[in-house]
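**Student:** One structure, pasted below without further comment.
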Amino acid sequence: MNFRLRTSSVTAEILKNLQASTRLTPNILCRLAVSLSLRLKELPNIELKDTSGLEFNRNTLTGEFDYVYKALITQHMKREVTDEEYFPTLLNAHIERGITLLESEYKHAGNPDRFLQNLLSIEGD
């Protein structure tokens, strides 16, 4: 069982920039990215060719809510997901897709306070 996940170098750079701007840690930003990605009905691209970015421990990313993240991803996939499929493959796919959405939200907001306010105001479908 794999307990490590590596992002792409592009995602690592976005995380670094967002962390500098928002003072949120990369693991929190990844959790927000997964949340934004799960809002999209389409499945994320699971082929990740570049894994030269940041490395995360599974517990650092999902913590005590690991089962919740797995359940949400399973529901999104509309089928049973094995643990090996969930981590790192599917979780990383949602991080990769979601981080671009998160970066876009930050650029739209223009500052950290408005960024967080906008994220808090997103309603479920």
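Chain labels follow the order of the structure tokens: the first chain is A, the next B, and so on; residue numbering restarts at 1 in every chain, and ligands are counted from 1 in their shown order.
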Near A:Leu40, counting only C-alpha atoms, which residues have an atom at most 12 Å away, once you skip same-chain residues fewer than 4 positions from it, shown as a VMD selection string?

**Tutor:** chain A and resid 33 to 36 44 73 76 to 77 94 97 to 98 101 124 to 125

**Student:** I need the residues in stretch 4-122 of chain A that are helix (DSSP H, G or I) according to DSSP; give them as a ChimeraX atom specification.

**Tutor:** /A:9-22,26-38,58-77,83-109,112-121

**Student:** Nearest to A:Asn17: which of A:Leu61, A:Leu116, A:Phe87, A:Leu29 is it, counting only C-alpha atoms?

**Tutor:**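 Once distances to A:Asn17 are computed over only C-alpha atoms, the minimum belongs to A:Leu29.
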
**Student:** Can you tell me which residues surround A:Thr11 at a distance of at most 10 Å, considering only C-alpha atoms, apart from same-chain residues fewer than 2 positions away, and format the answer as a PyMOL selection string?

**Tutor:** chain A and resi 6-9+13-17+30+50-54+95-100+103

**Student:** Taking only stretch 6-70 of chain A into account, list the residues labelled strand (DSSP E) by DSSP (computed from the backbone), as a list in words.

**Tutor:** Arg6, Glu55, Phe56 and Asn57 of chain A

**Student:** Give me, please, the distance in Å between atom CA of A:Glu64 and atom CA of A:Asp113, quoted to one decimal.

**Tutor:** 27.1 Å

**Student:** Using only C-alpha atoms, pick whichever of A:Arg23, A:Pro88, A:Phe115, A:Ser121 has the shortest atom-to-atom distance to A:Arg58.

**Tutor:**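 Between A:Arg23, A:Pro88, A:Phe115, A:Ser121, the residue approaching A:Arg58 most closely is A:Pro88.
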
**Student:** So, counting only C-alpha atoms, which residue among A:Val10, A:Leu48, A:Leu32, A:Phe3 is closest to A:Ala93?

**Tutor:** A:Leu48

**Student:** Which one of A:Asn27, A:Asn118, A:Asn92, A:Asn45 sits closest to A:Thr62 if you count only C-alpha atoms?

**Tutor:**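 Between A:Asn27, A:Asn118, A:Asn92, A:Asn45, the residue approaching A:Thr62 most closely is A:Asn27.
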
**Student:** Which of these, A:Thr25, A:Lys41, A:Ala12, A:Leu5, has the shortest distance to A:Tyr86 once you count only C-alpha atoms?

**Tutor:**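 Nearest to A:Tyr86: A:Leu5.
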